[in-house]
$ cat query.cif   # mmCIF, C-alpha atoms
data_input
#
loop_
_atom_site.label_atom_id
_atom_site.label_comp_id
_atom_site.auth_asym_id
_atom_site.auth_seq_id
_atom_site.Cartn_x
_atom_site.Cartn_y
_atom_site.Cartn_z
CA MET A 1 57.75 -243.30 92.38
CA SER A 2 55.54 -246.25 93.26
CA SER A 3 55.44 -247.77 96.72
CA ALA A 4 57.23 -250.90 95.51
CA GLN A 5 59.95 -248.78 93.88
CA PHE A 6 60.49 -246.79 97.07
CA MET A 7 60.78 -249.98 99.12
CA SER A 8 63.28 -251.40 96.63
CA GLN A 9 65.33 -248.19 96.53
CA VAL A 10 65.55 -247.91 100.31
CA ARG A 11 66.44 -251.57 100.76
CA SER A 12 69.22 -251.39 98.18
CA HIS A 13 70.55 -248.20 99.75
CA PHE A 14 70.52 -249.66 103.26
CA ASP A 15 72.45 -252.71 102.07
CA VAL A 16 75.15 -250.54 100.48
CA VAL A 17 75.66 -248.04 103.30
CA SER A 18 75.51 -250.70 106.02
CA ARG A 19 78.28 -252.67 104.30
CA HIS A 20 80.28 -249.43 104.15
CA VAL A 21 79.99 -248.99 107.93
CA LEU A 22 80.67 -252.63 108.83
CA ALA A 23 83.83 -252.67 106.70
CA GLN A 24 85.36 -249.94 108.89
CA LEU A 25 85.07 -251.76 112.24
CA SER A 26 88.05 -252.94 114.23
CA ALA A 27 88.24 -256.33 115.95
CA SER A 28 87.14 -254.81 119.29
CA GLU A 29 84.06 -253.08 117.87
CA ALA A 30 80.52 -254.22 117.13
CA VAL A 31 77.73 -252.22 115.50
CA THR A 32 73.95 -252.42 115.21
CA LEU A 33 72.23 -250.28 112.56
CA ASN A 34 68.53 -249.37 112.57
CA LEU A 35 66.85 -247.73 109.58
CA SER A 36 63.56 -245.82 109.71
CA ALA A 37 62.06 -244.48 106.50
CA GLU A 38 58.77 -243.26 105.08
CA ASP A 39 57.19 -242.05 101.87
CA THR A 40 53.96 -240.46 103.10
CA LEU A 41 51.28 -238.20 101.72
CA TYR A 42 49.99 -235.85 104.43
CA VAL A 43 46.76 -233.94 103.82
CA ARG A 44 45.19 -231.64 106.41
CA PHE A 45 41.51 -230.72 106.11
CA ASN A 46 39.42 -227.95 107.64
CA ASN A 47 35.78 -227.04 106.91
CA ASN A 48 35.80 -229.91 104.40
CA ARG A 49 38.52 -228.27 102.33
CA VAL A 50 42.18 -229.10 101.81
CA ARG A 51 44.24 -226.68 103.91
CA GLN A 52 47.67 -228.26 103.58
CA ASN A 53 49.14 -231.16 101.68
CA THR A 54 52.65 -232.42 101.20
CA ASP A 55 54.64 -235.52 100.34
CA VAL A 56 57.33 -236.45 102.84
CA GLN A 57 60.10 -238.82 101.85
CA GLN A 58 62.74 -239.28 104.52
CA ALA A 59 65.09 -241.81 106.09
CA THR A 60 67.15 -241.85 109.28
CA LEU A 61 69.76 -244.30 110.46
CA GLY A 62 70.57 -245.06 114.08
CA MET A 63 74.00 -246.44 114.95
CA GLN A 64 74.81 -248.32 118.15
CA LEU A 65 78.52 -248.88 118.67
CA GLN A 66 79.88 -251.29 121.28
CA SER A 67 83.51 -251.39 122.33
CA ASN A 68 85.13 -252.75 125.49
CA ARG A 69 81.78 -253.20 127.29
CA ARG A 70 80.74 -249.67 126.47
CA THR A 71 77.80 -248.64 124.27
CA VAL A 72 76.93 -245.40 122.51
CA GLU A 73 74.06 -244.55 120.17
CA GLN A 74 73.82 -241.74 117.63
CA ALA A 75 71.72 -241.10 114.53
CA CYS A 76 71.71 -239.11 111.31
CA THR A 77 69.42 -238.28 108.40
CA LEU A 78 70.08 -240.05 105.11
CA THR A 79 69.83 -238.40 101.69
CA LEU A 80 69.51 -241.73 99.81
CA ASP A 81 72.54 -240.68 97.76
CA VAL A 82 75.20 -243.36 98.31
CA ALA A 83 78.31 -241.17 98.10
CA THR A 84 76.88 -238.49 100.40
CA ASP A 85 75.55 -240.94 102.97
CA CYS A 86 78.76 -242.99 103.11
CA VAL A 87 80.68 -239.84 104.05
CA THR A 88 78.07 -238.91 106.65
CA LEU A 89 78.10 -242.39 108.21
CA SER A 90 81.90 -242.47 108.40
CA ARG A 91 81.72 -239.23 110.35
CA LEU A 92 78.97 -240.64 112.55
CA LEU A 93 81.10 -243.71 113.32
CA ALA A 94 84.03 -241.45 114.23
CA SER A 95 81.78 -239.44 116.54
CA CYS A 96 80.58 -242.64 118.23
CA ARG A 97 84.19 -243.75 118.73
CA ASP A 98 85.03 -240.41 120.36
CA GLU A 99 82.08 -240.71 122.74
CA VAL A 100 82.42 -244.39 123.62
CA GLY A 101 85.92 -243.79 124.94
CA LEU A 102 84.53 -241.42 127.58
CA LEU A 103 82.02 -243.87 129.05
CA ASP A 104 82.24 -246.26 131.97
CA ALA A 105 81.85 -249.98 131.40
CA ASP A 106 78.25 -251.19 131.39
CA PRO A 107 77.73 -254.28 133.61
CA HIS A 108 74.42 -255.09 131.90
CA GLN A 109 75.41 -254.48 128.31
CA VAL A 110 73.54 -256.67 125.83
CA PRO A 111 76.21 -257.91 123.43
CA VAL A 112 75.71 -257.76 119.68
CA THR A 113 74.41 -261.16 118.58
CA ASN A 114 73.19 -262.65 115.33
CA HIS A 115 69.43 -263.09 115.73
CA GLY A 116 68.99 -264.36 112.21
CA GLN A 117 67.16 -262.91 109.25
CA SER A 118 63.57 -261.94 108.56
CA GLN A 119 61.61 -260.23 105.82
CA GLU A 120 58.05 -258.89 105.86
CA GLN A 121 56.60 -256.60 103.23
CA PHE A 122 52.97 -255.55 102.89
CA LEU A 123 51.74 -253.64 99.84
CA GLY A 124 48.41 -251.91 100.33
CA GLU A 125 45.85 -250.45 97.96
CA LEU A 126 45.87 -246.70 98.56
CA LEU A 127 44.30 -244.11 96.29
CA PRO A 128 46.52 -241.63 94.42
CA ALA A 129 46.41 -238.09 95.80
CA GLN A 130 43.82 -236.56 93.47
CA ALA A 131 41.42 -239.50 93.66
CA LEU A 132 41.90 -239.70 97.43
CA ILE A 133 41.03 -236.06 98.06
CA ALA A 134 37.91 -236.32 95.92
CA ALA A 135 36.85 -239.52 97.72
CA ILE A 136 37.22 -237.87 101.13
CA LEU A 137 35.62 -234.52 100.34
CA ASP A 138 32.75 -235.83 98.19
CA ALA A 139 31.62 -238.26 100.89
CA ALA A 140 31.84 -235.57 103.57
CA SER A 141 30.02 -232.97 101.47
CA GLY A 142 27.67 -230.87 103.57
CA SER A 143 29.63 -231.48 106.77
CA ASP A 144 32.15 -229.30 108.57
CA MET A 145 34.93 -231.89 108.52
CA ALA A 146 38.44 -231.35 109.86
CA GLY A 147 41.19 -233.92 110.08
CA LEU A 148 44.52 -235.34 108.98
CA TYR A 149 45.15 -238.05 106.39
CA ALA A 150 48.54 -239.76 106.38
CA GLY A 151 49.19 -242.62 104.00
CA GLY A 152 52.06 -244.36 102.31
CA VAL A 153 55.04 -246.58 103.01
CA ILE A 154 56.74 -247.03 106.39
CA ILE A 155 59.99 -249.01 106.61
CA ARG A 156 62.06 -250.42 109.45
CA ALA A 157 65.28 -252.35 108.85
CA ASN A 158 68.03 -253.67 111.09
CA CYS A 159 71.43 -255.28 110.66
CA ASN A 160 74.53 -255.77 112.76
CA SER A 161 78.17 -256.79 112.55
CA ALA A 162 77.33 -260.31 113.75
CA GLY A 163 75.44 -260.95 110.52
CA GLN A 164 71.76 -260.45 111.32
CA GLN A 165 69.43 -258.75 108.82
CA HIS A 166 65.78 -257.78 109.22
CA TRP A 167 63.42 -255.94 106.89
CA PHE A 168 59.86 -254.69 107.46
CA ALA A 169 57.88 -252.49 105.07
CA THR A 170 54.18 -251.75 105.08
CA GLU A 171 51.83 -249.51 103.14
CA SER A 172 48.97 -248.15 105.20
CA PHE A 173 46.95 -245.05 106.00
CA PHE A 174 44.89 -243.37 108.68
CA LEU A 175 42.37 -240.55 108.53
CA ASN A 176 41.77 -238.94 111.90
CA TYR A 177 38.82 -236.62 111.51
CA SER A 178 36.09 -234.74 113.39
CA LEU A 179 32.69 -233.49 112.25
CA TYR A 180 31.60 -230.17 113.76
CA ASP A 181 28.34 -228.42 114.48
CA GLY A 182 29.50 -225.14 115.96
CA PRO A 183 31.41 -226.01 119.15
CA LYS A 184 30.15 -229.60 119.14
CA ALA A 185 32.31 -232.32 117.57
CA ALA A 186 32.15 -236.06 116.94
CA LYS A 187 35.41 -237.84 116.21
CA GLY A 188 36.24 -240.78 113.97
CA CYS A 189 39.26 -242.64 112.65
CA TYR A 190 39.33 -244.63 109.43
CA ALA A 191 42.50 -246.67 108.95
CA GLY A 192 43.77 -249.67 107.06
CA THR A 193 45.89 -250.90 104.18
CA ARG A 194 43.21 -250.66 101.49
CA TRP A 195 41.00 -247.64 100.86
CA ASP A 196 37.39 -248.75 100.62
CA THR A 197 34.91 -246.05 99.64
CA ALA A 198 31.97 -247.94 101.15
CA GLN A 199 33.75 -248.36 104.48
CA TRP A 200 34.65 -244.67 104.52
CA ALA A 201 30.98 -243.80 103.90
CA ASN A 202 29.93 -246.08 106.77
CA HIS A 203 32.43 -244.43 109.10
CA LEU A 204 31.09 -241.01 108.17
CA ALA A 205 27.49 -242.12 108.64
CA ARG A 206 28.19 -243.36 112.19
CA THR A 207 30.00 -240.13 113.06
CA ARG A 208 27.21 -238.01 111.60
CA THR A 209 24.71 -239.90 113.75
CA LEU A 210 26.74 -239.16 116.86
CA LEU A 211 26.93 -235.48 115.88
CA GLU A 212 23.17 -235.30 115.43
CA GLN A 213 22.69 -236.73 118.90
CA LEU A 214 25.03 -234.07 120.30
CA CYS A 215 22.41 -231.48 119.30
CA ARG A 216 19.99 -232.76 121.93
CA PRO A 217 19.73 -230.86 125.25
CA VAL A 218 22.73 -231.42 127.52
CA VAL A 219 22.17 -233.71 130.50
CA ASN A 220 23.79 -232.56 133.74
CA VAL A 221 25.37 -235.73 135.16
CA GLN A 222 26.58 -235.49 138.74
CA PRO A 223 29.75 -237.21 140.01
CA GLY A 224 29.14 -240.80 141.03
CA GLN A 225 29.41 -244.37 139.80
CA TYR A 226 27.57 -245.28 136.61
CA ARG A 227 27.17 -248.27 134.37
CA THR A 228 29.34 -247.23 131.39
CA TYR A 229 29.99 -248.35 127.86
CA LEU A 230 33.43 -247.57 126.44
CA ALA A 231 33.45 -247.62 122.63
CA PRO A 232 36.53 -249.29 121.09
CA ALA A 233 38.38 -245.97 120.67
CA ALA A 234 37.82 -245.08 124.34
CA PHE A 235 38.70 -248.57 125.58
CA ALA A 236 41.85 -248.55 123.43
CA ASP A 237 43.00 -245.38 125.19
CA VAL A 238 42.34 -246.94 128.59
CA LEU A 239 44.30 -250.06 127.66
CA GLY A 240 47.02 -247.83 126.27
CA MET A 241 47.97 -247.25 129.90
CA LEU A 242 49.35 -250.80 129.91
CA GLY A 243 52.31 -249.33 128.06
CA TRP A 244 53.05 -247.02 130.99
CA ASN A 245 54.91 -249.57 133.17
CA ALA A 246 52.00 -251.98 133.73
CA MET A 247 53.42 -254.70 131.43
CA SER A 248 57.08 -253.87 132.05
CA ALA A 249 59.23 -256.45 133.84
CA ALA A 250 61.78 -253.78 134.75
CA ALA A 251 59.07 -251.64 136.35
CA TRP A 252 57.93 -254.65 138.38
CA LYS A 253 61.43 -255.44 139.59
CA GLN A 254 62.01 -251.76 140.44
CA GLY A 255 58.75 -251.48 142.39
CA ARG A 256 57.05 -249.21 139.84
CA SER A 257 54.53 -251.62 138.29
CA PRO A 258 50.80 -250.89 138.59
CA PHE A 259 50.25 -254.62 137.96
CA LYS A 260 52.42 -255.84 140.85
CA LYS A 261 49.48 -257.71 142.40
CA LEU A 262 48.80 -259.53 139.13
CA VAL A 263 52.43 -260.53 138.69
CA GLU A 264 52.66 -261.84 142.24
CA ARG A 265 49.31 -263.65 142.01
CA GLU A 266 47.65 -261.52 144.67
CA ALA A 267 44.89 -260.59 142.22
CA GLN A 268 43.50 -261.43 138.82
CA LEU A 269 41.21 -259.72 136.34
CA SER A 270 37.93 -260.74 134.74
CA PRO A 271 37.84 -264.12 132.97
CA LEU A 272 36.35 -262.19 130.03
CA LEU A 273 39.72 -260.51 129.40
CA SER A 274 42.45 -262.03 127.23
CA PHE A 275 45.07 -260.17 125.24
CA GLY A 276 48.56 -260.39 123.81
CA GLU A 277 50.89 -259.14 121.12
CA ASN A 278 49.73 -260.03 117.59
CA PHE A 279 52.27 -259.09 114.95
CA ASP A 280 50.13 -260.69 112.24
CA LEU A 281 48.15 -257.41 112.36
CA ALA A 282 51.11 -255.86 110.47
CA LEU A 283 51.04 -252.83 112.77
CA SER A 284 54.68 -253.22 113.80
CA PRO A 285 57.71 -255.36 112.90
CA ARG A 286 58.37 -258.45 115.00
CA PHE A 287 62.01 -257.47 115.48
CA ASN A 288 63.09 -254.86 118.02
CA SER A 289 65.95 -252.37 117.85
CA LEU A 290 68.42 -255.12 118.81
CA GLY A 291 67.16 -257.32 116.01
CA GLU A 292 65.57 -259.85 118.36
CA VAL A 293 62.47 -261.42 116.83
CA CYS A 294 59.33 -261.82 118.91
CA GLU A 295 56.86 -264.65 118.48
CA ALA A 296 54.16 -263.76 115.97
CA ARG A 297 51.63 -264.10 118.79
CA LEU A 298 52.75 -263.53 122.36
CA PRO A 299 50.04 -264.19 124.99
CA LEU A 300 50.13 -261.77 127.93
CA MET A 301 46.74 -262.18 129.64
CA GLN A 302 44.59 -265.29 129.49
CA SER A 303 41.09 -265.27 130.99
CA GLY A 304 42.08 -262.63 133.52
CA VAL A 305 45.37 -264.28 134.53
CA LEU A 306 48.62 -262.51 133.67
CA THR A 307 50.75 -265.07 131.82
CA GLN A 308 53.90 -262.99 131.30
CA LEU A 309 55.33 -259.49 131.29
CA LEU A 310 57.28 -257.85 128.48
CA VAL A 311 61.00 -258.43 129.07
CA ASN A 312 63.79 -256.88 127.03
CA SER A 313 67.28 -258.35 127.04
CA ARG A 314 68.76 -255.71 129.31
CA THR A 315 66.09 -256.38 131.94
CA ALA A 316 66.65 -260.12 131.50
CA SER A 317 70.37 -259.68 132.10
CA GLU A 318 69.96 -257.41 135.11
CA TYR A 319 67.29 -259.47 136.89
CA ALA A 320 68.02 -263.00 135.65
CA LEU A 321 64.74 -263.25 133.71
CA GLN A 322 63.83 -264.85 130.39
CA GLY A 323 63.57 -262.22 127.68
CA ASN A 324 60.80 -262.21 125.05
CA ALA A 325 62.19 -259.71 122.53
CA ALA A 326 60.39 -256.71 124.02
CA GLU A 327 61.48 -253.25 122.95
CA GLU A 328 63.47 -251.06 125.32
CA GLY A 329 60.39 -249.44 126.89
CA GLU A 330 58.69 -252.83 127.46
CA ALA A 331 55.34 -251.56 126.16
CA PRO A 332 52.96 -253.47 123.86
CA ARG A 333 53.59 -252.80 120.18
CA ALA A 334 50.68 -254.70 118.63
CA LEU A 335 48.12 -255.30 121.38
CA ASP A 336 45.24 -257.55 120.36
CA VAL A 337 42.32 -257.94 122.77
CA ALA A 338 39.98 -260.90 122.38
CA CYS A 339 36.36 -260.06 121.62
CA GLY A 340 33.35 -261.02 123.69
CA SER A 341 29.72 -261.66 122.80
CA LEU A 342 27.99 -258.26 123.00
CA ALA A 343 26.55 -257.40 119.57
CA GLU A 344 26.69 -253.82 118.29
CA ALA A 345 22.89 -253.71 117.95
CA ASP A 346 22.53 -254.65 121.64
CA VAL A 347 24.97 -252.15 123.16
CA LEU A 348 22.44 -249.49 124.24
CA LYS A 349 19.85 -252.04 125.35
CA THR A 350 22.43 -253.90 127.46
CA LEU A 351 23.79 -250.66 128.88
CA GLY A 352 20.27 -249.77 129.99
CA THR A 353 20.81 -246.61 132.02
CA GLY A 354 24.25 -245.05 132.24
CA LEU A 355 26.94 -243.42 130.15
CA TYR A 356 28.09 -244.04 126.58
CA LEU A 357 31.68 -242.82 126.04
CA SER A 358 32.97 -242.53 122.49
CA ASN A 359 36.33 -241.05 123.45
CA VAL A 360 38.45 -240.21 126.48
CA HIS A 361 41.63 -238.18 126.89
CA TYR A 362 44.15 -236.70 129.35
CA LEU A 363 44.83 -240.13 130.84
CA ASN A 364 47.40 -240.64 133.58
CA TRP A 365 48.05 -242.79 136.60
CA SER A 366 46.43 -241.22 139.65
CA ASP A 367 47.63 -244.01 141.97
CA PRO A 368 49.94 -246.52 140.27
CA VAL A 369 50.03 -248.81 143.31
CA SER A 370 46.34 -249.60 142.90
CA ALA A 371 46.49 -249.33 139.08
CA ARG A 372 44.17 -246.34 139.32
CA ILE A 373 43.93 -244.11 136.25
CA THR A 374 42.26 -240.77 135.67
CA GLY A 375 41.03 -239.06 132.53
CA MET A 376 38.32 -236.95 130.94
CA THR A 377 35.36 -237.70 128.69
CA ARG A 378 35.65 -236.20 125.22
CA TYR A 379 33.66 -235.59 122.03
CA ALA A 380 30.47 -237.64 121.68
CA CYS A 381 29.62 -238.87 125.18
CA PHE A 382 25.99 -239.40 126.17
CA TRP A 383 23.57 -240.11 128.99
CA VAL A 384 21.46 -243.20 128.22
CA GLU A 385 18.16 -244.20 129.86
CA HIS A 386 16.33 -247.48 129.28
CA GLY A 387 18.48 -248.23 126.25
CA GLU A 388 17.90 -244.87 124.54
CA ILE A 389 20.30 -241.92 124.20
CA VAL A 390 18.82 -238.95 126.07
CA GLY A 391 21.46 -236.35 125.31
CA PRO A 392 25.11 -235.36 125.50
CA ILE A 393 26.89 -234.71 128.79
CA ASN A 394 29.25 -232.00 129.90
CA ASP A 395 32.84 -233.21 130.21
CA LEU A 396 33.45 -235.29 133.31
CA ARG A 397 36.62 -236.39 135.03
CA TRP A 398 36.79 -240.05 135.94
CA ASP A 399 39.08 -242.01 138.23
CA GLU A 400 39.02 -245.80 138.24
CA SER A 401 41.22 -248.75 139.22
CA LEU A 402 42.03 -251.19 136.43
CA TYR A 403 41.85 -253.96 139.02
CA ASP A 404 38.15 -253.11 139.36
CA ALA A 405 37.28 -251.95 135.84
CA LEU A 406 38.97 -254.94 134.21
CA GLY A 407 38.02 -257.22 137.07
CA ALA A 408 34.66 -257.68 138.78
CA LYS A 409 33.18 -254.58 137.11
CA LEU A 410 33.78 -255.80 133.55
CA LEU A 411 30.37 -256.99 132.36
CA ALA A 412 30.89 -257.62 128.65
CA LEU A 413 33.10 -257.09 125.62
CA THR A 414 31.71 -256.54 122.13
CA ASP A 415 31.82 -259.23 119.49
CA TRP A 416 33.73 -256.94 117.15
CA ALA A 417 36.98 -254.98 117.52
CA GLU A 418 38.49 -251.97 115.79
CA ILE A 419 42.05 -251.15 114.84
CA ASP A 420 43.40 -248.16 116.73
CA PRO A 421 46.58 -247.27 114.80
CA ALA A 422 49.46 -245.26 116.18
CA SER A 423 48.79 -241.85 114.66
CA GLU A 424 51.73 -239.84 116.01
CA THR A 425 53.60 -237.93 113.30
CA TYR A 426 56.36 -236.30 115.35
CA TYR A 427 59.52 -236.45 113.21
CA MET A 428 58.07 -239.41 111.26
CA ARG A 429 54.86 -241.43 111.00
CA SER A 430 54.72 -243.99 113.80
CA LEU A 431 54.22 -247.72 113.70
CA GLY A 432 52.20 -249.74 116.17
CA GLY A 433 48.67 -249.72 117.49
CA SER A 434 46.08 -252.10 118.85
CA ARG A 435 42.90 -254.01 118.02
CA VAL A 436 40.34 -253.53 120.78
CA PRO A 437 36.61 -254.27 121.29
CA GLY A 438 34.15 -252.08 123.16
CA ALA A 439 33.63 -252.72 126.89
CA LEU A 440 30.64 -252.51 129.23
CA ILE A 441 31.72 -251.72 132.78
CA ASP A 442 29.62 -251.47 135.93
CA GLY A 443 30.09 -248.62 138.38
CA TRP A 444 32.68 -246.57 136.49
CA THR A 445 33.69 -243.79 138.89
CA PHE A 446 33.23 -240.13 137.88
CA THR A 447 34.72 -237.66 140.35
CA LEU A 448 34.23 -234.13 138.90
#

$ encode --input "query.cif" --output "structure tokens"
Amino acid sequence: MSSAQFMSQVRSHFDVVSRHVLAQLSASEAVTLNLSAEDTLYVRFNNNRVRQNTDVQQATLGMQLQSNRRTVEQACTLTLDVATDCVTLSRLLASCRDEVGLLDADPHQVPVTNHGQSQEQFLGELLPAQALIAAILDAASGSDMAGLYAGGVIIRANCNSAGQQHWFATESFFLNYSLYDGPKAAKGCYAGTRWDTAQWANHLARTRTLLEQLCRPVVNVQPGQYRTYLAPAAFADVLGMLGWNAMSAAAWKQGRSPFKKLVEREAQLSPLLSFGENFDLALSPRFNSLGEVCEARLPLMQSGVLTQLLVNSRTASEYALQGNAAEEGEAPRALDVACGSLAEADVLKTLGTGLYLSNVHYLNWSDPVSARITGMTRYACFWVEHGEIVGPINDLRWDESLYDALGAKLLALTDWAEIDPASETYYMRSLGGSRVPGALIDGWTFTL
């Protein structure tokens, strides 16, 4: 089945089964339905060989039932057989009715509303399985390559009993991979909507270069503060912490926001830093699980000044705020960070002496009040002197405040950015991600 055929089949099926559910509602009931579906090829590689491959075609439907100011949510797996799924959904509706009668009234319930209609569909240019595997393995020949490819169609759809209807389907892929030399590894990620053999070769070439540099003698770097370059993948992980309460209006109102000082104008970040949600990247649908449609571009930070937080409708109701169609968790879904002026060819020269970090991991808030985060270096991280890589470093733990790192310490952003796609595959391939440049930061703090 082609990608277009799968999209058409799922859309037709969703229309039929949703009408079946809506026809069963009483006058006191309202329902919102959310569909998630995928048709994905998963291929796992090890030692530059295919170790596991499978096609996954699945669909789930979430049902939110409201009745007498009470709300319950349940979900089920769909078979894409109309008769079978209509029976299943009738049972799911009955189960929701049983549960909703046991609940207390919700004073901040967001009522089911018609938020209109929308349709976005993006067909990519992905290679068929046999050609894809050959393209990956042939280019990586001679390397010990391990990784996971996931590519195909992802669908999100929403409708409710008030009449709204939204549809989002995209065809995309990612290849998360590492090249090994014994215990040493350099990591890369190639992602997009169109497989380009030349781009894949360029990705591999850059990763091979990093791996070669890992074979130099290890430099023993002591804890301290160092001028540090964060490659786009590393900087994307750092900015990923914005989704852990920093941009949440509810967290601010509840006293849990690491960006409290920014919201209350007690501080601001570097004028080099601007970012917002950009749904034109096609990483995520504009509509949320309530069917509310966000602006295609939603500015959040402009030249270091926080312009707005992410506010979902429940938060807006509870705290008398203006909502902006944020999802329940009030985390960025399609973060787009404006580039700077630092050219790729000038990164090492501008860094001078310090640390080059390709990747970081194990991030967490170490002190949310001061927006301080901690993490570890990972994979290809190097000590640089006078604009030249000297050698790899042993893993270091770092601990740094975003008020400092994204404030006075932020020296430059690169003039190019890379897509960092959501690559989680728990239960189903995820949507979302970010587009982030590299960052040069002065005095990044390493503690262990």

$ resolve_selection --input "query.cif" --expression "the PyMOL selection byres ((chain A and resi 11) around 12)" --output "JSON, numbers by chain"
{"A": [4, 5, 6, 7, 8, 9, 10, 12, 13, 14, 15, 16, 17, 18, 35, 36, 37, 59, 80, 119, 121, 155, 156, 157, 158, 159, 165, 166, 167, 168, 169]}

$ resolve_selection --input "query.cif" --expression "the PyMOL selection byres ((chain A and resi 233) around 12)" --output "count of residues only"
38

$ residues_near_point --input "query.cif" --point "(65.7, -251.7, 133.7)" --cutoff "8 Å" --atoms "only C-alpha atoms" --output "list in words"
Ala250, Ala251, Gln254, Arg314, Thr315 and Glu318 of chain A

$ atom_distance --input "query.cif" --atom1 "atom CA of A:Val112" --atom2 "atom CA of A:Glu327"
15.3 Å

$ resolve_selection --input "query.cif" --expression "the PyMOL selection byres ((chain A and resi 392) around 12)" --output "VMD selection string"
chain A and resid 184 to 186 210 to 221 354 to 358 377 to 384 388 to 391 393 to 396

$ atom_distance --input "query.cif" --atom1 "atom CA of A:Tyr149" --atom2 "atom CA of A:Arg44"
6.4 Å

$ residues_near_point --input "query.cif" --point "(80.9, -243.3, 110.5)" --cutoff "12 Å" --atoms "all atoms listed in the file" --output "JSON, numbers by chain"
{"A": [17, 18, 19, 20, 21, 22, 23, 24, 25, 31, 33, 61, 62, 63, 64, 65, 73, 74, 75, 76, 84, 85, 86, 87, 88, 89, 90, 91, 92, 93, 94, 95, 96, 97, 98]}

$ decode --input "query.cif" --residues "stretch 322-334 of chain A" --atoms "N, CA and C atoms" --output "compact mmCIF listing (two decimals), in the first residue's frame"
# COMPACT_ATOMS: atom_id res chain seq x y z
N GLN A 322 -5.03 34.40 28.73
CA GLN A 322 -5.40 34.21 27.33
C GLN A 322 -4.69 32.97 26.79
N GLY A 323 -5.44 31.99 26.35
CA GLY A 323 -4.85 30.77 25.83
C GLY A 323 -4.24 30.98 24.45
N ASN A 324 -3.29 30.11 24.08
CA ASN A 324 -2.71 30.17 22.73
C ASN A 324 -2.61 28.79 22.10
N ALA A 325 -3.59 27.94 22.44
CA ALA A 325 -3.71 26.61 21.82
C ALA A 325 -2.55 25.69 22.15
N ALA A 326 -1.93 25.88 23.31
CA ALA A 326 -0.87 24.97 23.75
C ALA A 326 -1.47 23.61 24.09
N GLU A 327 -0.64 22.58 24.00
CA GLU A 327 -1.07 21.25 24.39
C GLU A 327 -1.12 21.17 25.92
N GLU A 328 -1.65 20.10 26.42
CA GLU A 328 -1.87 19.95 27.86
C GLU A 328 -0.60 20.19 28.67
N GLY A 329 0.54 19.67 28.23
CA GLY A 329 1.78 19.80 28.98
C GLY A 329 2.45 21.15 28.84
N GLU A 330 1.94 22.02 27.97
CA GLU A 330 2.47 23.37 27.76
C GLU A 330 3.98 23.35 27.49
N ALA A 331 4.38 22.46 26.57
CA ALA A 331 5.77 22.35 26.12
C ALA A 331 5.81 22.68 24.64
N PRO A 332 6.92 23.23 24.15
CA PRO A 332 7.03 23.50 22.71
C PRO A 332 6.89 22.22 21.89
N ARG A 333 6.20 22.35 20.77
CA ARG A 333 5.99 21.20 19.88
C ARG A 333 6.79 21.33 18.59
N ALA A 334 7.15 22.54 18.22
CA ALA A 334 7.89 22.77 16.98
C ALA A 334 8.79 23.98 17.18
